[in-house]
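Here is the structure we will look at.
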Amino acid sequence: MDLSYGPEYEAFRGEVKAFLDAEWPLKGDEAKLDLQGQAVAFRKKGIAAGYLARSIPRHYGGSEQEADSLKAQVIREEFARARAPMEAMGIGTMMLVPTLLERGEEWQRERWVEDTVLGNTAWCQGYSEPGAGSDLASLKTKAELDGDDWVINGQKIWTSGAQHADFMFILCRTEPGEKKHGGISYLLLDMKQPGIDVRPLRQMTGGADFNEVFFSDVRTPKDWIVGKRGEGWLVSRTTLKHERNSIGNAAQAQGTFRNILKLAKQSTIDGKPAIENPAIRQRLATLEGYVQAHVYSGYRQMTAGLRGEDAGMIQLMNKLHSTNIGQEVAKIAVDLLGDGALTDPSQGARGLFAGPENAAGWVGQYMSSLGVAIAGGTGNIQRNVIAERGLGLPRDYFADAHKR
Amino acid sequence: MDLSYGPEYEAFRGEVKAFLDAEWPLKGDEAKLDLQGQAVAFRKKGIAAGYLARSIPRHYGGSEQEADSLKAQVIREEFARARAPMEAMGIGTMMLVPTLLERGEEWQRERWVEDTVLGNTAWCQGYSEPGAGSDLASLKTKAELDGDDWVINGQKIWTSGAQHADFMFILCRTEPGEKKHGGISYLLLDMKQPGIDVRPLRQMTGGADFNEVFFSDVRTPKDWIVGKRGEGWLVSRTTLKHERNSIGNAAQAQGTFRNILKLAKQSTIDGKPAIENPAIRQRLATLEGYVQAHVYSGYRQMTAGLRGEDAGMIQLMNKLHSTNIGQEVAKIAVDLLGDGALTDPSQGARGLFAGPENAAGWVGQYMSSLGVAIAGGTGNIQRNVIAERGLGLPRDYFADAHKR
Amino acid sequence: MDFGLSEEQQLLQDTVAQFLANENDPNQLRARFDAEEPHDETFWKGLMELGLGGLLVPEEHGGAGLQMIDAALVAETMGFAAAPGPFLGHTLAGLAIALGGSEAHKRAWLPKLATGDALGTVAFGEEDGSWLPEQWSVGGDALTGTKCHVPYGAQADVIVVGTKGGGLALVAPGDGATIELFEGVDRTRRLYTVRFDGAAAEALPDGSDAASRTRDAALILLAADAFGGASRVLAMSVEYAKTREQFGVTIGHFQALKHQLANMALETEPARGLFWYAAHAFDEVPEDCERMAALAKAHVTDRFMHVAREATEAHGGIGFTWECDVQMWFKRALFDRAWLGTPGTHRERAAQLAGW
Amino acid sequence: MDFGLSEEQQLLQDTVAQFLANENDPNQLRARFDAEEPHDETFWKGLMELGLGGLLVPEEHGGAGLQMIDAALVAETMGFAAAPGPFLGHTLAGLAIALGGSEAHKRAWLPKLATGDALGTVAFGEEDGSWLPEQWSVGGDALTGTKCHVPYGAQADVIVVGTKGGGLALVAPGDGATIELFEGVDRTRRLYTVRFDGAAAEALPDGSDAASRTRDAALILLAADAFGGASRVLAMSVEYAKTREQFGVTIGHFQALKHQLANMALETEPARGLFWYAAHAFDEVPEDCERMAALAKAHVTDRFMHVAREATEAHGGIGFTWECDVQMWFKRALFDRAWLGTPGTHRERAAQLAGW
């Protein structure tokens, strides 16, 4: 075992640092661009240098580097340190681009991959529906061919960024005869057209990170389909896996722990620093056991990736483990806050990488720690996955019967 | 609300005390009887005075008193204080006697009720089987008519007191054509006969409170059946309810709490009394919230009983609530014990009404707190009952399908 | 021996429940929750007409002269409905004056509080997180200092202020007090920060006893409110499980959810006896009251918070939205749990009171 | 960057696992568990022939000269099999002498410990519940005092005794030491009480450093054992759920049980990285070692205990019997959790070491 990066990668780190020293912040005219413009300009340099869009072929605007998770990790660390932009984060880069690369038509890749990665084009996702939730088989939004266009009618929910997105990738029922997971197609559509009604979905925190999107006779060209007709469920599968992994991430858990520790140092219980209270110390140290286990599970998985091995069951647990950690942090926080827990969370400030910065921020986190559980499938679905795929227990009776 | 017993019942208490002062301990020749003999002699006096076997008709040896839970409570309190024997406790008095009174033949009641209550006759219960557990529909032990006898073959498990019992009440499959809950009969049988093999089932604590009982061509007369052929499942139902209520009892939870409090006062953490440690104080006070809730839920149910009202959902919760309390007590105990948790529980001493008296006793309780959960149906079955009967949620799919 | 409700108590609870079902159904509640306007006077007037203004005010002063158990039963019903408004502070103010005031104080305020012609509240919290009589620092002949988290402080005609040394004083807001809205999480019970700068105040002659009794009463009312709230979010979750479908069946068929709901019921239902007994002890068993009030507040508000979190999850994604009714109770749970001190604080008090 | 096992490490673990699968299957284990005879020398000899006697003993003294991570991997495998015998104390004794002994001590004991020709153990616990170097009170030129919970104290040829002031001393049992069986819960690791009354003892020259390193090693080995044990009871429960039928289906169909098993897996599997890292820190990251060893012991043994309780319940009634294999691991969990101090003790240490 060796947790250092070794001389080869430290040399690589030197190169990345030198690049960043030279190129970020931007200089000259480029420094006068707006923030979005600066990010796009810098991403082009990052791609040219081989640091960004590494898994994307040159032909589609990527830097086409050999897969090397460790280099990727070094890049993430150094870019974060320099506060330099990486690939445009969001559902487009994370979910659509891999799907297009794996299943898309040539013209689709050429048209959208580069712009999405650079951040010129923003996407939103149309999967969930009010009646469906984690049960895609109940999907109702319809797309019917009318000449050279699909005509879409229906409703989606839990759509992040729908107000700002240029396009949506959407699952629609296109083969009315078929049921369940059959008969669904994966379409792309332009969000800037009539017939689309985006309504923000206000959260209990007061924020609105999600939307409902209503479609009435929304049109998209016949060939804006990824994969074949009726294969949409299959096409969407790869991407869901991406999403799950991205949420369960150890660095985030570590950051969360630092935040609660800071809060414990700042708070008092019965007039004494809370951090000196044995009950709080026990709760924090118990929590830290889970946090450190999560961190080193992350290293284990990274190593397995580097070696091309399967990390096993642990991969199915990242999400639930980090959700549990987030919930426990939230509960300790509310005890530490005392009166602070009476504060309206919509006034909350959240520092970049620093976590909640005031009582309102922590109350928001107390609520969001539940919301996070919801975003990538509730805990019960995660537990089904661990039990079935991890432990080999029988599949859920109703889900199974429903699919048959 | 009034938690006092009021003048009428305090007067009654005076009568009970006077009776006990006069009659217990026994005097003269009766005082020379062995313990069992003394208990029987005293019970007869208690029945004659109307304090014992109150719900049992005089004709069958009871005192046939009007139902009065409060009088019953006063009697329990005063008999416990005087350490005087009440009705012979055990599965015979608790389960068989009510069943015979409700469903038995006249000759069965005359033969067994009084002797069981007095403690002359001891019973054991033959319900569970190795393959079945809480699923009585899978019962396999058979009884076939051969002339004027039933001939019984099969195996029972979790039978308390089988070594000492005179008789067993047993569920057997008597109608081979029928399936599931149909085709089961409720038989009585003499335990003192060949063909019965009682094997103690050693528990993880080292004790052996249960047995396996094997039957090979064991005979019992044709008319030793309670209820009709094939109705055994129904006949057994009333009694199971009795068992559940008897375990979930608030006084026990309160006693358990006193014990753990005592342990916390005797133990040290880092050289200081554990009771002064804020983490322990929080755990104890949190636990006490549950304990007091359990105690006053008991008063609520008693009041409902006195008024002839339905106490509602709380009746379904006694068992699980007290199990949860027992488990939490056990966990705190093991933390307080420190090294003591390394002790073999089979050396454990348990004081009457006083709980575990040494580390071994507490380690035994740490294990038994699980065993209790098992004795009256596991937690999951309790949760099914609360969800289905208490909250009106749909019945369990598999249990339901299996019964159909 | 009787640990159950009398017919009168059941009638009282039913009457309030019926009124709230009609006048504070989830849509009406939501309108009040979302309103800028902190106080719906029409709704409050309706409650006053039911006689809820003077539950604990002696009959000789125009109140109902009821016991704490009765007030707790009403508080439970208010919690079940998440009824918005000043009930908590108003009830406590009436009690404090009835217990600690001079005859003149009582004559001046109690009849008006009982009818709702005047609105009362209590100011107990302070800036450093202190809530309890022995911690209060605001004082002086002309009252000086800041009180926090005062329910409906801006609307109140009289504020019962906890003062240095553990006493109580009456302030009729006006000169010498600056009152500003605190942006609180629970929009059904609006809070204010009240800064006194030499405000005229009249000390209650029996303020010290009244302060500790009023503290206990507050703990009991919060526990009762929490029990009502927990019952409601449980009921909402059960109802949702019976109607929402997934994979072709209602989600109440899923054993994991069934057991979560059973556990929620198990966290909730037994707590009823606990707040009942704390209230009963306030009325009849003085030696048990202080400790049981602390234990009940700690236990029941913790259970409510836990059950409200579970209820949010039981509703899936929709549970996390403003549109879902659960969130209003979730926030009420935060209030019940934090106001007057956290469960941890009161568990430690219970430990001390038991001589542990 | 590599946080995974080398081929050699996997081979080592596989070899030991294979040996234990053959020589300590549940029936063989049960025979040893139930035996009056505390120590199965044939089985122990087999382990010695695999080279497990001197994992941490330098090669120059006849050992394998491996690292703590290797010893931890073996300990995990032993925990998975609930392997009975003196592995824990013997390994720690060898380490303590290698770290703290004089050349003469090393030459005298290490080769024999490595081959198994001599049996070693450690005596750390004391009657007042003290376990840690700074708490030890047994001392004197002629050693006096009582050590408790000494693994295989009666069988050992050499006991490494923790002494007053935090040092270590060697005692070859004989005159001046009374050794009696402690009736312990975990019959796979028998314990003894050792009373010294002027016993001849040789202090280790670097005993103080060796004591704290050996303490950390012990914490890590216990964590590793606990991880192996937790994995095993999880596997047993999953297997049971796949075979046992109720209501016409295997009980693994019941969602509530599925989720309990998933939660058990979630309590177990992530802890693997934690004990790995604590062992790795012992070898390579000294500044992290003491704290991570404390945290790993606290966390992993707590998880094992929790999972063992859950496994008992997952087996229904049978889980509570002596016949059910789970009980042997349940008791091993009690040992791992209590020996050398409770999770609470080590969490408090971790807090102090972090400067909280």
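Here's how to read the names in the structure tokens: chain A, B, ... by the order shown, residue numbers from 1 in each chain, ligand numbers from 1 in the order shown.
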Next item on the list: Check segment 114-282 of chain C with DSSP on the backbone and list each residue it calls helix (DSSP H, G or I), as a count of residues only.
Entry: 71
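For Phe254 of chain C, the list of residues within 9 Å, based on only C-alpha atoms and with local chain neighbours fewer than 5 positions off taken out, reads Phe398 of chain A; Pro394, Asp396 and Tyr397 of chain B; Val249 and His259 of chain C; Gln255 and Ala256 of chain D.
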Margin query: Distance limit 8 Å, atoms considered: only C-alpha atoms. Which chain B residues sit that close to chain A? Return them as a list in words.
Written below: Asn277, Pro278, Ala279, Ile280 and Gln282 of chain B
Checklist line | His164 of chain B surroundings by only C-alpha atoms, 12 Å radius, close-in-sequence under 6 positions cut, as a PyMOL selection string | finding: chain B and resi 90+120-124+190-192+198+200+209-211
Give me, as a Markdown table, each residue of chain C that comes within 9 Å of chain B, together with its shortest interatomic pair and the distance in Å at one decimal, counting only C-alpha atoms, with rows ordered by chain and rising residue number.
| residue | atom | partner | partner_atom | distance |
| --- | --- | --- | --- | --- |
| C:Met1 | CA | B:Tyr5 | CA | 4.5 |
| C:Asp2 | CA | B:Asp2 | CA | 5.1 |
| C:Phe3 | CA | B:Met1 | CA | 5.1 |
| C:Gly4 | CA | B:Met1 | CA | 6.1 |
| C:Leu5 | CA | B:Met1 | CA | 6.8 |
| C:Ser6 | CA | B:Met1 | CA | 7.6 |
| C:Ile69 | CA | B:Met1 | CA | 8.8 |
| C:Ala235 | CA | B:Leu391 | CA | 8.6 |
| C:Val238 | CA | B:Leu391 | CA | 7.0 |
| C:Ala241 | CA | B:Leu393 | CA | 7.9 |
| C:Lys242 | CA | B:Leu393 | CA | 6.9 |
| C:Thr250 | CA | B:Pro394 | CA | 8.7 |
| C:Gly252 | CA | B:Leu393 | CA | 5.9 |
| C:His253 | CA | B:Pro394 | CA | 5.6 |
| C:Phe254 | CA | B:Asp396 | CA | 8.4 |
| C:Gln255 | CA | B:Asp396 | CA | 7.2 |
| C:Lys258 | CA | B:Ala387 | CA | 5.8 |
| C:His259 | CA | B:Arg383 | CA | 5.6 |
| C:Gln260 | CA | B:Arg383 | CA | 8.6 |
| C:Leu261 | CA | B:Ala387 | CA | 6.8 |
| C:Ala262 | CA | B:Ala387 | CA | 5.1 |
| C:Asn263 | CA | B:Arg383 | CA | 7.2 |
| C:Ala265 | CA | B:Ile386 | CA | 8.0 |
| C:Leu266 | CA | B:Met317 | CA | 6.6 |
| C:Glu267 | CA | B:Tyr290 | CA | 8.8 |
| C:Glu269 | CA | B:Ile314 | CA | 6.4 |
| C:Pro270 | CA | B:Ala293 | CA | 5.4 |
| C:Ala271 | CA | B:Ala293 | CA | 5.1 |
| C:Arg272 | CA | B:Ala293 | CA | 7.3 |
| C:Gly273 | CA | B:Tyr296 | CA | 4.7 |
| C:Leu274 | CA | B:Ala293 | CA | 4.7 |
| C:Phe275 | CA | B:Ala293 | CA | 8.3 |
| C:Trp276 | CA | B:Tyr296 | CA | 8.2 |
| C:Tyr277 | CA | B:Tyr296 | CA | 6.9 |
| C:His280 | CA | B:Met1 | CA | 7.1 |
| C:Glu284 | CA | B:Asp2 | CA | 8.4 |
| C:Met292 | CA | B:Gln292 | CA | 9.0 |
| C:Leu295 | CA | B:Gly289 | CA | 6.1 |
| C:Ala296 | CA | B:Gly289 | CA | 6.9 |
| C:Ala298 | CA | B:Gly289 | CA | 7.9 |
| C:His299 | CA | B:Gly289 | CA | 5.4 |
| C:Val300 | CA | B:Gly289 | CA | 8.3 |
| C:Pro343 | CA | B:Thr286 | CA | 8.9 |
| C:Gly344 | CA | B:Gln282 | CA | 6.8 |
| C:Arg347 | CA | B:Ala285 | CA | 5.5 |
| C:Glu348 | CA | B:Gln282 | CA | 6.7 |
| C:Ala350 | CA | B:Ala285 | CA | 7.1 |
| C:Ala351 | CA | B:Arg281 | CA | 6.6 |
| C:Trp356 | CA | B:Ile275 | CA | 6.3 |
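Proximity to Ile91 of chain B was assessed for B:Leu136, B:Ile184, B:Ala162, B:Leu370 counting only C-alpha atoms; the smallest distance is recorded for B:Ala162.
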Margin query: Env of Ala279 of chain C: 7 Å cut, atoms = only C-alpha atoms, seq-sep filter 5 positions within chain, self excluded. Answer as a list in words.
Written below: Met68, Ile69, Ala72 and Ile220 of chain C
Could you take the residues named above and write them with C-alpha atoms, as an mmCIF file, in the first residue's frame?
data_model
loop_
_atom_site.group_PDB
_atom_site.id
_atom_site.type_symbol
_atom_site.label_atom_id
_atom_site.label_comp_id
_atom_site.auth_asym_id
_atom_site.auth_seq_id
_atom_site.Cartn_x
_atom_site.Cartn_y
_atom_site.Cartn_z
ATOM 1 C CA MET C 68 -53.231 22.032 32.830
ATOM 2 C CA ILE C 69 -54.423 18.696 31.476
ATOM 3 C CA ALA C 72 -52.543 20.328 27.167
ATOM 4 C CA ILE C 220 -45.951 20.616 28.907
#
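Between atom CA of Val334 of chain A and atom CA of His306 of chain D the separation is 26.0 Å.
For the atom pair formed by atom CA of Glu212 of chain B and atom CA of Trp322 of chain D, the distance is 13.3 Å, given to one decimal.
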Next item on the list: Apply DSSP to the structure's backbone, then extract all residues of segment 185-397 of chain A labelled strand (DSSP E) and return them as a PyMOL selection string.
Entry: chain A and resi 185-190+196-201+210-221+225-226+268-269+272-273+350-351+355-356
Checklist line | Pairwise distance for atom CA of Ser160 of chain B and atom CA of Lys180 of chain B, rounded to one decimal in Å | finding: 25.3 Å
Next item on the list: Fewer than 4 positions away in the same chain doesn't count, so skip those; otherwise give me all residues within 12 Å of Glu183 of chain D, counting only C-alpha atoms, as a ChimeraX atom specification.
Entry: /B:340-348,359-360 /D:36,38,148-151,187,189-193
Applying 12 Å and only C-alpha atoms, which residues near Gln327 of chain A remain after dropping the ones on its own chain fewer than 4 positions away? List them as a PDB file with C-alpha atoms, in the first residue's frame.
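Written output follows (out.pdb):
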ATOM      1  CA  ALA A 253     -18.278  13.646   3.626  1.00  0.00           C
ATOM      2  CA  THR A 256     -19.160  17.955   6.014  1.00  0.00           C
ATOM      3  CA  PHE A 257     -17.371  16.536   9.025  1.00  0.00           C
ATOM      4  CA  ILE A 260     -19.744  20.094  12.070  1.00  0.00           C
ATOM      5  CA  LEU A 287     -19.534   9.913  13.262  1.00  0.00           C
ATOM      6  CA  LEU A 320     -26.474   5.506   1.167  1.00  0.00           C
ATOM      7  CA  HIS A 321     -23.373   5.725   3.323  1.00  0.00           C
ATOM      8  CA  SER A 322     -22.838   9.390   2.571  1.00  0.00           C
ATOM      9  CA  THR A 323     -26.540  10.119   2.997  1.00  0.00           C
ATOM     10  CA  LYS A 331     -28.894  15.980  13.674  1.00  0.00           C
ATOM     11  CA  ILE A 332     -25.805  16.904  15.648  1.00  0.00           C
ATOM     12  CA  ALA A 333     -25.925  20.375  14.126  1.00  0.00           C
ATOM     13  CA  VAL A 334     -29.485  20.995  15.243  1.00  0.00           C
ATOM     14  CA  TRP A 362     -27.465  24.682   9.020  1.00  0.00           C
ATOM     15  CA  VAL A 363     -31.249  24.524   9.250  1.00  0.00           C
ATOM     16  CA  GLN A 365     -28.727  21.499   5.653  1.00  0.00           C
ATOM     17  CA  TYR A 366     -30.938  19.771   8.216  1.00  0.00           C
ATOM     18  CA  MET A 367     -33.666  19.734   5.583  1.00  0.00           C
ATOM     19  CA  SER A 368     -31.452  19.094   2.574  1.00  0.00           C
ATOM     20  CA  SER A 369     -29.899  16.068   4.213  1.00  0.00           C
ATOM     21  CA  LEU A 370     -33.317  14.545   3.555  1.00  0.00           C
ATOM     22  CA  GLY A 371     -33.535  16.053   0.077  1.00  0.00           C
ATOM     23  CA  VAL A 372     -30.235  14.491  -0.917  1.00  0.00           C
ATOM     24  CA  ALA A 373     -31.658  11.127   0.042  1.00  0.00           C
ATOM     25  CA  GLY A 379     -32.876   5.004   0.908  1.00  0.00           C
TER      26      GLY A 379
ATOM     27  CA  HIS C 306     -37.895  12.241  14.275  1.00  0.00           C
ATOM     28  CA  ARG C 309     -38.220  13.541   9.215  1.00  0.00           C
ATOM     29  CA  GLU C 310     -39.513  10.049   8.582  1.00  0.00           C
TER      30      GLU C 310
END
